[in-house]
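Scroll down for the structure; my scribbles are underneath it.
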Amino acid sequence: MIRTASRSALLLLSVCCTAARFAFAQPSHSEATDKAKILRYIDNGWETLSRSMTDCKSLVDPKVTTAPVLYLPAGMLTPPEVTAMQQQCKVEVRSLPRRITHMGDVRVSDVPDEGLLYLPNRYVVPGGRFNEMYGWDSYFIILGLVADHHSDLARGIVENFFFEIENYGSILNANRNYYLTRSQPPFLTSMIRAVYEHPAGADISNTWLASAYRYAKLDYNTWTSAPHLAGDTGLARYSDLGGGPVPEMADDSSYYTDVIRWLLSHPDLHADYLIEAPDDPTPTQAAELATTSCDIAASKVCAAAHVSGHRLSAGFYHGDRAMRESGFDTSFRFGPFSGSTDHYAPVCLNSLLYKYERDMERIANLLGLRAEAAQWRQRAAARRAAINKYMWDPARGMFYDYDFTTHRLSNYNYLTAFYPLWAGLATPQQAAALEKHLPLMERNAGLAMSDFDSGTQWDLPFGWAPTTWIAIDGLARYGFNKDADRIAAKFSDTILKNFLNDGTIREKYNVVGGSSNVDVATGYKTNVVGFGWTNGVYLQMNNLLMRSAQHRATAARRERERERQDPLPVSYQHRISFSR
């Protein structure tokens with residue numbers, strides 16, 4: 001009798017605990033309502049953030065103060081929709097001075113008036129001051145679009161990048177003429193696969209895939225030729241073909257002067273970023289500054305960038321431009337304000353290129369190009385070996401960026417160390433070592449970019465959707481599902497909490513305090529509303545957490561079924577058998 005009662009108690013406890021675990025995974029009514037609100041905001045946001053050559057709002061550029069201009073590729077006839085918009089929006093339409101086959105064929109100085117570059121299809125902008133189609137933003141936006149059943153819009157964005165490669169020489173930082181000298185992190189093959197391999201892409205033909213493959217090869221060449229070569233390492237770097245300060249900082253007139261003031265107050269840190277120069281140079285001095293610093297006659301931003309007889313060096317401006325191509329503007333990852341970005345082979349870029357090469361192998365195989373697939377496999381193997389040679393620190397168990405000018409490995413802890421997981425190039429042993437370093441970046445509200453508070457937006461305490469998702473997805477790919485779920489839950493909750501507070505989704509969050517109210521000392525000081533890539537990543541995290549909850553519920557159901565079939569615990573059965 002006592003044994004029967006004990007057995008019943010054990011069964012009751014097991015069922016109650018299982019039911020409690022299952023109930024805990026289910027959202028409450030209020031949680032479900034809150035989730036529905038943010039999902040509705042995101043779904044509506046795709047239309048709000050969409051732009052095309054048929055509406056006037058596409059032409060607005062908050063980053064500059066000049067009247068809008070729309071540029072067509074050289075030799076292109078004006079499309080009827082552009083003619084209609086020209087009349088409606090009172091915009092000037094011009095043609096670029098010559099055909100572009102490679103990045104740099106047309107320089108910013110050849111097209112001095114800022115303007116939008118024509119694209120044939122609708123696209124989604126990040127939001128706020130970023131009112132054009134961006135390179136790496138678009139990958140995370142596309143993830144959101146296909147998840148939210150807007151696959152046609154996602155495909156149109158990918159085809160816009162094909163148009164950029166064909167007519168502007170490369171995938172650009174964004175479709176403005178002042179971006180003609182730089183690209184952004186290479187996600188094209190990831191975008192192609194996101195559209196082609198999604199169930200909604202089942203009707204996409206192999207002809208389309210073959211065209212995508214051809215454009216991707218051209219884009220890949222951008223990263224495997226000068227000026228994107230990282231010395232003789234076999235790796236790549238970020239680099240901009242332009243010089244001087246970037247025109248898009250015209251709306252933040254204090255940025256470069258803030259940098260100068262900081263450098264003056266820290267004379268031991270990268271003094272080579274500064275030169276002594278008159279605040280009001282003579283024509284002769286101005287001509288010299290065009291070589292040693294920047295051209296004050298060609299750039300209003302340059303002319304204003306001086307403090308107490310000091311200006312920024314030409315070398316700093318080159319690193320500053322490379323930093324903007326990286327997308328991480330600004331941090332202290334590559335020196336103060338990342339002024340030496342062009343000196344480094346970065347973990348992020350080379351991980352992306354490794355994945356690019358593996359993606360191209362996959363696409364070549366789908367197209368029946370076996371010999372080309374083997375070449376891509378060899379390229380990926382060579383890059384993986386170079387990454388392990390130059391970027392893996394076995395003593396610390398981390399990937400770091402490599403300064404190929406000094407032949408030294410960085411010691412700057414940065415979230416991009418987890419890119420090799422997402423790219424699939426890390427070994428299981430490397431992945432396990434990396435996972436142990438999560439506490440360096442993980443905070444109460446998500447993953448910070450670094451463990452150093454530099455006062456800039458791409459360092460501690462700020463967390464960003466794209467890098468957070470790459471880390472989450474990478475951890476999940478290597479079987480660290482609890483880590484992936486935990487981080488996704490933290491960052492999703494941060495986004496949702498702030499959305500419920502002010503009705504917006506932002507470009508970044510303070511993951512220490514869990515707030516969207518940011519305090520940036522230098523650089524972009526605002527927190528832009530929109531926000532394309534945060535919307536897309538939120539949907540991805542939501543889907544991941546839903547799948548995990550479903551897996552837990554399935555496991556719990558199977559456990560209950562097993563207990564019904566075999567209600568006595570094995571150890572209890574053994575005790576009964578032994579007593580007999």
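Scheme for the structure tokens: letters A, B, ... for chains in order shown; per-chain residue numbers from 1; ligand numbers from 1 in order shown.
If you count only C-alpha atoms and ignore residues fewer than 3 places along the chain from Pro428 in chain A, what sits within 12 Å of it is Pro420, Leu421, Gly424, Leu425, Ala431, Ala432, Ala433, Leu434, Glu435, Gly474, Leu475, Arg477, Tyr478, Gly479 and Phe480 of chain A.
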As an MDAnalysis selection string, please: the residues near Pro461 in chain A (cut-off 9 Å, only C-alpha atoms, same-chain neighbours under 5 positions excluded). chainID A and resid 443 447:453 455 509:513
Selection from above, all heavy atoms, as a compact mmCIF listing (two decimals), in the first residue's frame, can you write it?
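Once written, selection.txt looks like this:
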# COMPACT_ATOMS: atom_id res chain seq x y z
N ARG A 443 25.34 40.81 -22.13
CA ARG A 443 24.85 41.66 -21.06
C ARG A 443 23.37 41.34 -20.80
O ARG A 443 22.79 40.50 -21.46
CB ARG A 443 25.03 43.15 -21.42
CG ARG A 443 26.49 43.56 -21.64
CD ARG A 443 27.31 43.43 -20.37
NE ARG A 443 28.68 43.94 -20.51
CZ ARG A 443 29.73 43.22 -20.89
NH1 ARG A 443 29.58 41.92 -21.20
NH2 ARG A 443 30.94 43.76 -20.98
N LEU A 447 23.68 41.11 -26.68
CA LEU A 447 25.12 41.05 -26.94
C LEU A 447 25.64 42.45 -27.29
O LEU A 447 25.14 43.09 -28.22
CB LEU A 447 25.43 40.11 -28.10
CG LEU A 447 25.22 38.61 -27.85
CD1 LEU A 447 25.48 37.84 -29.15
CD2 LEU A 447 26.13 38.10 -26.74
N ALA A 448 26.65 42.91 -26.57
CA ALA A 448 27.32 44.16 -26.91
C ALA A 448 28.34 43.90 -28.01
O ALA A 448 28.79 42.77 -28.21
CB ALA A 448 28.02 44.74 -25.68
N MET A 449 28.72 44.94 -28.71
CA MET A 449 29.68 44.79 -29.81
C MET A 449 31.08 44.47 -29.29
O MET A 449 31.85 43.77 -29.95
CB MET A 449 29.73 46.06 -30.65
CG MET A 449 28.52 46.27 -31.53
SD MET A 449 28.17 44.89 -32.64
CE MET A 449 29.72 44.74 -33.53
N SER A 450 31.42 44.99 -28.12
CA SER A 450 32.76 44.77 -27.58
C SER A 450 32.68 44.83 -26.06
O SER A 450 31.60 45.01 -25.49
CB SER A 450 33.74 45.84 -28.09
OG SER A 450 33.47 47.11 -27.50
N ASP A 451 33.82 44.70 -25.42
CA ASP A 451 33.85 44.86 -23.96
C ASP A 451 34.53 46.16 -23.57
O ASP A 451 34.96 46.33 -22.42
CB ASP A 451 34.55 43.67 -23.30
CG ASP A 451 35.99 43.48 -23.77
OD1 ASP A 451 36.41 44.17 -24.73
OD2 ASP A 451 36.70 42.64 -23.20
N PHE A 452 34.61 47.11 -24.51
CA PHE A 452 35.26 48.40 -24.26
C PHE A 452 34.31 49.53 -24.60
O PHE A 452 33.78 49.60 -25.71
CB PHE A 452 36.53 48.52 -25.10
CG PHE A 452 37.22 49.84 -24.96
CD1 PHE A 452 37.79 50.23 -23.75
CD2 PHE A 452 37.32 50.73 -26.03
CE1 PHE A 452 38.43 51.45 -23.61
CE2 PHE A 452 37.96 51.95 -25.91
CZ PHE A 452 38.51 52.32 -24.69
N ASP A 453 34.08 50.41 -23.63
CA ASP A 453 33.20 51.56 -23.83
C ASP A 453 34.03 52.73 -24.33
O ASP A 453 34.68 53.43 -23.56
CB ASP A 453 32.51 51.92 -22.51
CG ASP A 453 31.48 53.03 -22.67
OD1 ASP A 453 31.42 53.64 -23.76
OD2 ASP A 453 30.74 53.29 -21.70
N GLY A 455 32.70 55.23 -26.18
CA GLY A 455 31.86 56.39 -26.42
C GLY A 455 31.32 56.46 -27.83
O GLY A 455 30.64 57.43 -28.19
N TYR A 509 20.53 49.33 -29.63
CA TYR A 509 20.02 49.38 -28.26
C TYR A 509 21.18 49.34 -27.28
O TYR A 509 22.24 48.75 -27.57
CB TYR A 509 19.07 48.21 -28.00
CG TYR A 509 17.80 48.31 -28.80
CD1 TYR A 509 17.74 47.78 -30.09
CD2 TYR A 509 16.68 48.96 -28.30
CE1 TYR A 509 16.59 47.89 -30.86
CE2 TYR A 509 15.52 49.08 -29.05
CZ TYR A 509 15.48 48.56 -30.34
OH TYR A 509 14.34 48.68 -31.10
N ASN A 510 20.97 49.96 -26.13
CA ASN A 510 21.92 49.85 -25.03
C ASN A 510 21.61 48.54 -24.32
O ASN A 510 20.61 48.42 -23.63
CB ASN A 510 21.76 51.04 -24.08
CG ASN A 510 22.72 51.01 -22.91
OD1 ASN A 510 23.06 49.95 -22.40
ND2 ASN A 510 23.16 52.18 -22.47
N VAL A 511 22.48 47.54 -24.50
CA VAL A 511 22.18 46.21 -23.97
C VAL A 511 22.63 46.06 -22.52
O VAL A 511 22.43 45.01 -21.92
CB VAL A 511 22.80 45.11 -24.85
CG1 VAL A 511 22.17 45.08 -26.22
CG2 VAL A 511 24.31 45.24 -24.94
N VAL A 512 23.23 47.10 -21.96
CA VAL A 512 23.52 47.09 -20.52
C VAL A 512 22.28 47.57 -19.77
O VAL A 512 21.81 46.93 -18.83
CB VAL A 512 24.74 47.96 -20.19
CG1 VAL A 512 24.92 48.07 -18.68
CG2 VAL A 512 26.00 47.37 -20.83
N GLY A 513 21.73 48.69 -20.21
CA GLY A 513 20.54 49.23 -19.55
C GLY A 513 19.24 48.77 -20.16
O GLY A 513 18.17 48.98 -19.58
Hey, what's within 9 Å of range 195-202 of chain A if we count only C-alpha atoms and toss same-chain stuff fewer than 4 positions away? As a PyMOL selection string, please? chain A and resi 142-143+146-147+149+151-152+154-155+158+190-191+209
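Residues surrounding range 520-527 of chain A within 8 Å are Asp252, Tyr255, Asp258, Val259, Asp329, Thr330, Gly455, Thr456, Gln457, Arg506, Glu507 and Lys508 of chain A [only C-alpha atoms; sequence separation below 6 positions excluded].
If you look at CA of Val301 in chain A and CA of Asn517 in chain A, they are 28.0 Å away from each other.
Counting from CA of Ser340 in chain A, the distance to CA of Thr189 in chain A is 28.2 Å.
Note that the spacing between CA of Ala174 in chain A and CA of Leu116 in chain A amounts to 9.2 Å.
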Could you write out, as a ChimeraX atom specification, all the residues of range 112-276 of chain A that DSSP marks as helix (DSSP H, G or I)? /A:137-147,151-168,177-179,188-196,199-201,206-223,247-251,255-265,271-273
For those residues, write C-alpha atoms to a file as a PDB file, in the first residue's frame.
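Contents of the output file selection24.pdb:
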ATOM      1  CA  ASP A 137      21.451  46.200 -44.417  1.00  0.00           C
ATOM      2  CA  SER A 138      19.582  44.616 -47.300  1.00  0.00           C
ATOM      3  CA  TYR A 139      20.571  41.056 -46.367  1.00  0.00           C
ATOM      4  CA  PHE A 140      18.883  41.306 -42.963  1.00  0.00           C
ATOM      5  CA  ILE A 141      15.965  43.173 -44.500  1.00  0.00           C
ATOM      6  CA  ILE A 142      15.579  40.337 -47.030  1.00  0.00           C
ATOM      7  CA  LEU A 143      15.551  37.777 -44.208  1.00  0.00           C
ATOM      8  CA  GLY A 144      12.622  39.682 -42.767  1.00  0.00           C
ATOM      9  CA  LEU A 145      10.842  40.072 -46.092  1.00  0.00           C
ATOM     10  CA  VAL A 146      10.903  36.381 -46.957  1.00  0.00           C
ATOM     11  CA  ALA A 147       9.832  35.498 -43.408  1.00  0.00           C
ATOM     12  CA  SER A 151       9.364  37.449 -51.455  1.00  0.00           C
ATOM     13  CA  ASP A 152       8.745  39.480 -54.627  1.00  0.00           C
ATOM     14  CA  LEU A 153      10.050  42.612 -52.915  1.00  0.00           C
ATOM     15  CA  ALA A 154      13.059  40.646 -51.637  1.00  0.00           C
ATOM     16  CA  ARG A 155      13.822  39.336 -55.127  1.00  0.00           C
ATOM     17  CA  GLY A 156      13.545  42.850 -56.549  1.00  0.00           C
ATOM     18  CA  ILE A 157      16.166  44.071 -54.078  1.00  0.00           C
ATOM     19  CA  VAL A 158      18.566  41.306 -55.130  1.00  0.00           C
ATOM     20  CA  GLU A 159      18.011  42.227 -58.778  1.00  0.00           C
ATOM     21  CA  ASN A 160      18.737  45.869 -57.908  1.00  0.00           C
ATOM     22  CA  PHE A 161      22.180  44.716 -56.762  1.00  0.00           C
ATOM     23  CA  PHE A 162      22.659  43.008 -60.108  1.00  0.00           C
ATOM     24  CA  PHE A 163      21.808  46.365 -61.704  1.00  0.00           C
ATOM     25  CA  GLU A 164      24.380  48.129 -59.512  1.00  0.00           C
ATOM     26  CA  ILE A 165      27.090  45.653 -60.527  1.00  0.00           C
ATOM     27  CA  GLU A 166      26.163  46.044 -64.192  1.00  0.00           C
ATOM     28  CA  ASN A 167      25.902  49.834 -64.228  1.00  0.00           C
ATOM     29  CA  TYR A 168      27.851  51.197 -61.236  1.00  0.00           C
ATOM     30  CA  ASN A 177      26.684  59.122 -56.164  1.00  0.00           C
ATOM     31  CA  TYR A 178      28.994  59.839 -53.216  1.00  0.00           C
ATOM     32  CA  TYR A 179      29.103  56.076 -52.563  1.00  0.00           C
ATOM     33  CA  LEU A 188      25.247  38.946 -52.120  1.00  0.00           C
ATOM     34  CA  THR A 189      25.347  35.145 -52.243  1.00  0.00           C
ATOM     35  CA  SER A 190      23.578  34.988 -48.896  1.00  0.00           C
ATOM     36  CA  MET A 191      20.847  37.220 -50.347  1.00  0.00           C
ATOM     37  CA  ILE A 192      20.620  35.090 -53.491  1.00  0.00           C
ATOM     38  CA  ARG A 193      20.242  31.915 -51.435  1.00  0.00           C
ATOM     39  CA  ALA A 194      17.718  33.515 -49.070  1.00  0.00           C
ATOM     40  CA  VAL A 195      15.459  34.277 -52.045  1.00  0.00           C
ATOM     41  CA  TYR A 196      16.148  31.199 -54.194  1.00  0.00           C
ATOM     42  CA  PRO A 199       9.730  27.921 -50.500  1.00  0.00           C
ATOM     43  CA  ALA A 200       8.337  31.021 -52.215  1.00  0.00           C
ATOM     44  CA  GLY A 201      11.283  30.860 -54.617  1.00  0.00           C
ATOM     45  CA  ASN A 206      17.847  28.136 -63.301  1.00  0.00           C
ATOM     46  CA  THR A 207      18.249  30.921 -65.856  1.00  0.00           C
ATOM     47  CA  TRP A 208      17.797  33.424 -63.036  1.00  0.00           C
ATOM     48  CA  LEU A 209      20.237  31.492 -60.862  1.00  0.00           C
ATOM     49  CA  ALA A 210      22.805  31.409 -63.678  1.00  0.00           C
ATOM     50  CA  SER A 211      22.487  35.188 -64.066  1.00  0.00           C
ATOM     51  CA  ALA A 212      22.849  35.615 -60.299  1.00  0.00           C
ATOM     52  CA  TYR A 213      25.975  33.440 -60.379  1.00  0.00           C
ATOM     53  CA  ARG A 214      27.519  35.631 -63.095  1.00  0.00           C
ATOM     54  CA  TYR A 215      26.896  38.825 -61.129  1.00  0.00           C
ATOM     55  CA  ALA A 216      28.176  37.259 -57.928  1.00  0.00           C
ATOM     56  CA  LYS A 217      31.465  36.405 -59.659  1.00  0.00           C
ATOM     57  CA  LEU A 218      31.868  40.071 -60.627  1.00  0.00           C
ATOM     58  CA  ASP A 219      31.090  41.172 -57.073  1.00  0.00           C
ATOM     59  CA  TYR A 220      33.568  38.636 -55.688  1.00  0.00           C
ATOM     60  CA  ASN A 221      36.303  40.091 -57.907  1.00  0.00           C
ATOM     61  CA  THR A 222      35.865  43.419 -56.116  1.00  0.00           C
ATOM     62  CA  TRP A 223      37.113  41.798 -52.915  1.00  0.00           C
ATOM     63  CA  PRO A 247      30.265  63.941 -47.913  1.00  0.00           C
ATOM     64  CA  GLU A 248      27.469  62.169 -46.040  1.00  0.00           C
ATOM     65  CA  MET A 249      28.815  63.577 -42.760  1.00  0.00           C
ATOM     66  CA  ALA A 250      27.680  67.041 -43.811  1.00  0.00           C
ATOM     67  CA  ASP A 251      24.715  66.687 -41.457  1.00  0.00           C
ATOM     68  CA  TYR A 255      32.168  64.681 -36.086  1.00  0.00           C
ATOM     69  CA  TYR A 256      35.631  65.318 -37.495  1.00  0.00           C
ATOM     70  CA  THR A 257      36.267  68.228 -35.134  1.00  0.00           C
ATOM     71  CA  ASP A 258      35.225  65.985 -32.225  1.00  0.00           C
ATOM     72  CA  VAL A 259      37.802  63.445 -33.401  1.00  0.00           C
ATOM     73  CA  ILE A 260      40.507  66.126 -33.533  1.00  0.00           C
ATOM     74  CA  ARG A 261      39.674  67.324 -30.021  1.00  0.00           C
ATOM     75  CA  TRP A 262      39.809  63.775 -28.683  1.00  0.00           C
ATOM     76  CA  LEU A 263      43.174  63.140 -30.336  1.00  0.00           C
ATOM     77  CA  LEU A 264      44.563  66.404 -28.975  1.00  0.00           C
ATOM     78  CA  SER A 265      43.535  65.348 -25.472  1.00  0.00           C
ATOM     79  CA  ALA A 271      49.433  61.057 -33.146  1.00  0.00           C
ATOM     80  CA  ASP A 272      49.956  60.242 -36.842  1.00  0.00           C
ATOM     81  CA  TYR A 273      46.249  60.879 -37.354  1.00  0.00           C
TER      82      TYR A 273
END
Determine, using only C-alpha atoms, which residues of range 232-257 of chain A have any atom at most 7 Å from an atom of range 378-388 of chain A, and tabulate each with its shortest atom pair and distance in Å to one decimal place, rows ordered by chain and then rising number, as JSON lines.
{"residue": "A:Thr233", "atom": "CA", "partner": "A:Ala386", "partner_atom": "CA", "distance": 7.0}
{"residue": "A:Gly234", "atom": "CA", "partner": "A:Ala386", "partner_atom": "CA", "distance": 6.7}
{"residue": "A:Leu235", "atom": "CA", "partner": "A:Arg383", "partner_atom": "CA", "distance": 6.8}
7 Å contact set for range 122-135 of chain A, only C-alpha atoms, chain neighbours under 5 positions out, as a PyMOL selection string: chain A and resi 46+49-52+58+61-63+153+156-157+171-175+184+528-533
Would you mind exporting the chosen residues as a tab-separated table (two decimals), in the first residue's frame, restricted to N, CA and C atoms?
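Saved to result.tsv:
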chain	number	residue	atom	x	y	z
A	46	TRP	N	7.29	47.44	-43.83
A	46	TRP	CA	7.90	47.19	-45.14
A	46	TRP	C	7.38	48.18	-46.18
A	49	LEU	N	8.79	51.74	-45.37
A	49	LEU	CA	10.21	51.88	-45.68
A	49	LEU	C	10.53	51.61	-47.15
A	50	SER	N	9.53	51.30	-47.95
A	50	SER	CA	9.77	51.01	-49.37
A	50	SER	C	9.95	52.30	-50.16
A	51	ARG	N	10.85	52.23	-51.13
A	51	ARG	CA	11.11	53.36	-52.02
A	51	ARG	C	11.17	52.86	-53.46
A	52	SER	N	10.94	53.77	-54.41
A	52	SER	CA	11.07	53.41	-55.82
A	52	SER	C	11.25	54.68	-56.62
A	58	SER	N	11.55	59.09	-52.29
A	58	SER	CA	12.78	58.33	-52.52
A	58	SER	C	13.98	59.24	-52.72
A	61	ASP	N	17.35	63.28	-49.32
A	61	ASP	CA	18.59	62.85	-48.68
A	61	ASP	C	18.84	63.73	-47.46
A	62	PRO	N	18.45	63.27	-46.26
A	62	PRO	CA	18.63	64.10	-45.06
A	62	PRO	C	20.08	64.38	-44.72
A	63	LYS	N	21.01	63.65	-45.34
A	63	LYS	CA	22.43	63.77	-44.98
A	63	LYS	C	23.11	64.96	-45.65
A	153	LEU	N	9.28	41.41	-53.27
A	153	LEU	CA	10.05	42.61	-52.91
A	153	LEU	C	11.50	42.23	-52.63
A	156	GLY	N	13.27	41.59	-55.86
A	156	GLY	CA	13.54	42.85	-56.55
A	156	GLY	C	14.77	43.55	-56.00
A	157	ILE	N	14.98	43.47	-54.69
A	157	ILE	CA	16.17	44.07	-54.08
A	157	ILE	C	17.42	43.37	-54.58
A	171	ILE	N	28.50	46.36	-56.10
A	171	ILE	CA	27.50	46.66	-55.07
A	171	ILE	C	28.03	47.85	-54.27
A	172	LEU	N	27.22	48.87	-54.14
A	172	LEU	CA	27.67	50.10	-53.49
A	172	LEU	C	27.26	50.12	-52.02
A	173	ASN	N	27.96	50.95	-51.26
A	173	ASN	CA	27.56	51.25	-49.88
A	173	ASN	C	26.06	51.56	-49.87
A	174	ALA	N	25.62	52.40	-50.79
A	174	ALA	CA	24.21	52.70	-51.01
A	174	ALA	C	24.10	53.43	-52.34
A	175	ASN	N	22.88	53.58	-52.85
A	175	ASN	CA	22.72	54.15	-54.19
A	175	ASN	C	22.64	55.67	-54.17
A	184	GLN	N	30.11	47.58	-49.47
A	184	GLN	CA	29.78	47.22	-48.09
A	184	GLN	C	30.01	45.73	-47.93
A	528	VAL	N	18.23	55.91	-34.92
A	528	VAL	CA	17.28	56.07	-36.02
A	528	VAL	C	16.10	55.12	-35.88
A	529	VAL	N	14.91	55.65	-36.22
A	529	VAL	CA	13.68	54.87	-36.17
A	529	VAL	C	13.49	54.20	-37.52
A	530	GLY	N	12.92	53.04	-37.50
A	530	GLY	CA	12.62	52.27	-38.70
A	530	GLY	C	12.19	50.87	-38.29
A	531	PHE	N	13.15	50.00	-38.06
A	531	PHE	CA	14.47	50.11	-38.67
A	531	PHE	C	14.69	48.81	-39.39
A	532	GLY	N	14.97	48.87	-40.66
A	532	GLY	CA	14.93	47.71	-41.55
A	532	GLY	C	15.55	46.45	-41.02
A	533	TRP	N	16.84	46.53	-40.64
A	533	TRP	CA	17.49	45.27	-40.25
A	533	TRP	C	17.04	44.78	-38.87
Would you kindly return, as a ChimeraX atom specification, each protein, DNA or RNA residue with an atom no farther than 8 Å from any atom of Thr181 in chain A, considering only C-alpha atoms and excluding same-chain residues fewer than 4 positions away? /A:103-104,107-108,172,240-242
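Of the residues listed (A:Ser109, A:Thr504, A:Thr427, A:Asn121), A:Asn121 shows the shortest atom-to-atom separation from Glu81 in chain A; distances use only C-alpha atoms.
Every protein or nucleic acid residue with an atom no more than 10 Å from Thr291 in chain A, counting only C-alpha atoms and leaving out same-chain residues fewer than 2 positions away, appears here: A:Gly243, A:Gly244, A:Ala286, A:Ala287, A:Glu288, A:Leu289, A:Ser293, A:Cys294, A:Asp295, A:Ser313, A:Ala314.
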Run DSSP on the backbone and tell me which residues of range 72-154 of chain A come out as strand (DSSP E or B); list them as a compact mmCIF listing (two decimals) with all heavy atoms, in the first residue's frame.
# COMPACT_ATOMS: atom_id res chain seq x y z
N LEU A 72 21.07 58.73 -63.91
CA LEU A 72 20.89 57.51 -64.69
C LEU A 72 22.24 57.01 -65.18
O LEU A 72 23.17 57.80 -65.37
CB LEU A 72 19.98 57.77 -65.90
CG LEU A 72 18.57 58.27 -65.63
CD1 LEU A 72 17.86 58.59 -66.95
CD2 LEU A 72 17.77 57.24 -64.86
N GLU A 92 15.73 67.17 -60.87
CA GLU A 92 16.60 67.21 -62.04
C GLU A 92 17.13 65.80 -62.31
O GLU A 92 17.60 65.12 -61.40
CB GLU A 92 17.77 68.16 -61.81
CG GLU A 92 18.64 68.36 -63.02
CD GLU A 92 19.72 69.39 -62.81
OE1 GLU A 92 19.75 70.02 -61.73
OE2 GLU A 92 20.57 69.56 -63.72
N VAL A 93 17.02 65.37 -63.55
CA VAL A 93 17.52 64.06 -63.96
C VAL A 93 18.74 64.26 -64.85
O VAL A 93 18.69 64.99 -65.83
CB VAL A 93 16.43 63.25 -64.71
CG1 VAL A 93 17.00 61.91 -65.18
CG2 VAL A 93 15.22 63.03 -63.82
N ARG A 94 19.84 63.60 -64.48
CA ARG A 94 21.08 63.70 -65.25
C ARG A 94 21.60 62.29 -65.54
O ARG A 94 21.18 61.31 -64.92
CB ARG A 94 22.14 64.47 -64.47
CG ARG A 94 21.76 65.86 -64.05
CD ARG A 94 22.90 66.51 -63.27
NE ARG A 94 22.50 67.75 -62.61
CZ ARG A 94 23.27 68.42 -61.77
NH1 ARG A 94 24.49 67.97 -61.47
NH2 ARG A 94 22.83 69.54 -61.21
N SER A 95 22.54 62.23 -66.47
CA SER A 95 23.23 60.97 -66.78
C SER A 95 24.64 61.03 -66.22
O SER A 95 25.28 62.09 -66.21
CB SER A 95 23.28 60.73 -68.28
OG SER A 95 21.98 60.52 -68.80
N LEU A 116 20.75 60.78 -56.08
CA LEU A 116 20.37 59.38 -55.99
C LEU A 116 20.73 58.68 -57.30
O LEU A 116 20.58 59.25 -58.39
CB LEU A 116 18.86 59.28 -55.75
CG LEU A 116 18.28 57.88 -55.47
CD1 LEU A 116 18.69 57.41 -54.08
CD2 LEU A 116 16.75 57.91 -55.60
N LEU A 117 21.19 57.44 -57.20
CA LEU A 117 21.47 56.62 -58.38
C LEU A 117 20.24 55.76 -58.69
O LEU A 117 19.69 55.10 -57.80
CB LEU A 117 22.69 55.73 -58.14
CG LEU A 117 24.01 56.46 -57.88
CD1 LEU A 117 25.10 55.46 -57.51
CD2 LEU A 117 24.43 57.29 -59.08
N TYR A 123 12.67 49.00 -53.36
CA TYR A 123 13.60 48.50 -52.35
C TYR A 123 13.19 49.04 -50.99
O TYR A 123 12.32 49.91 -50.88
CB TYR A 123 15.05 48.89 -52.68
CG TYR A 123 15.27 50.37 -52.96
CD1 TYR A 123 15.57 51.26 -51.92
CD2 TYR A 123 15.20 50.88 -54.26
CE1 TYR A 123 15.79 52.61 -52.17
CE2 TYR A 123 15.42 52.23 -54.52
CZ TYR A 123 15.71 53.09 -53.48
OH TYR A 123 15.93 54.43 -53.74
N VAL A 124 13.83 48.49 -49.96
CA VAL A 124 13.53 48.89 -48.58
C VAL A 124 14.73 49.61 -48.01
O VAL A 124 15.86 49.11 -48.10
CB VAL A 124 13.17 47.67 -47.70
CG1 VAL A 124 12.97 48.08 -46.25
CG2 VAL A 124 11.92 46.98 -48.24
N GLY A 127 15.78 53.47 -42.76
CA GLY A 127 14.92 54.39 -42.03
C GLY A 127 15.66 55.66 -41.69
O GLY A 127 16.89 55.74 -41.81
N PHE A 130 18.83 57.41 -43.39
CA PHE A 130 19.31 56.44 -44.36
C PHE A 130 18.19 56.11 -45.34
O PHE A 130 17.48 55.11 -45.20
CB PHE A 130 19.82 55.19 -43.64
CG PHE A 130 20.85 55.49 -42.58
CD1 PHE A 130 20.55 55.33 -41.24
CD2 PHE A 130 22.11 55.97 -42.93
CE1 PHE A 130 21.50 55.62 -40.26
CE2 PHE A 130 23.04 56.27 -41.96
CZ PHE A 130 22.75 56.09 -40.62
N TYR A 134 20.86 50.12 -48.95
CA TYR A 134 22.21 49.85 -48.45
C TYR A 134 22.62 48.40 -48.72
O TYR A 134 21.78 47.51 -48.83
CB TYR A 134 22.31 50.17 -46.96
CG TYR A 134 22.48 51.65 -46.72
CD1 TYR A 134 21.39 52.50 -46.75
CD2 TYR A 134 23.74 52.21 -46.52
CE1 TYR A 134 21.53 53.87 -46.57
CE2 TYR A 134 23.89 53.58 -46.33
CZ TYR A 134 22.80 54.41 -46.36
OH TYR A 134 22.95 55.76 -46.21
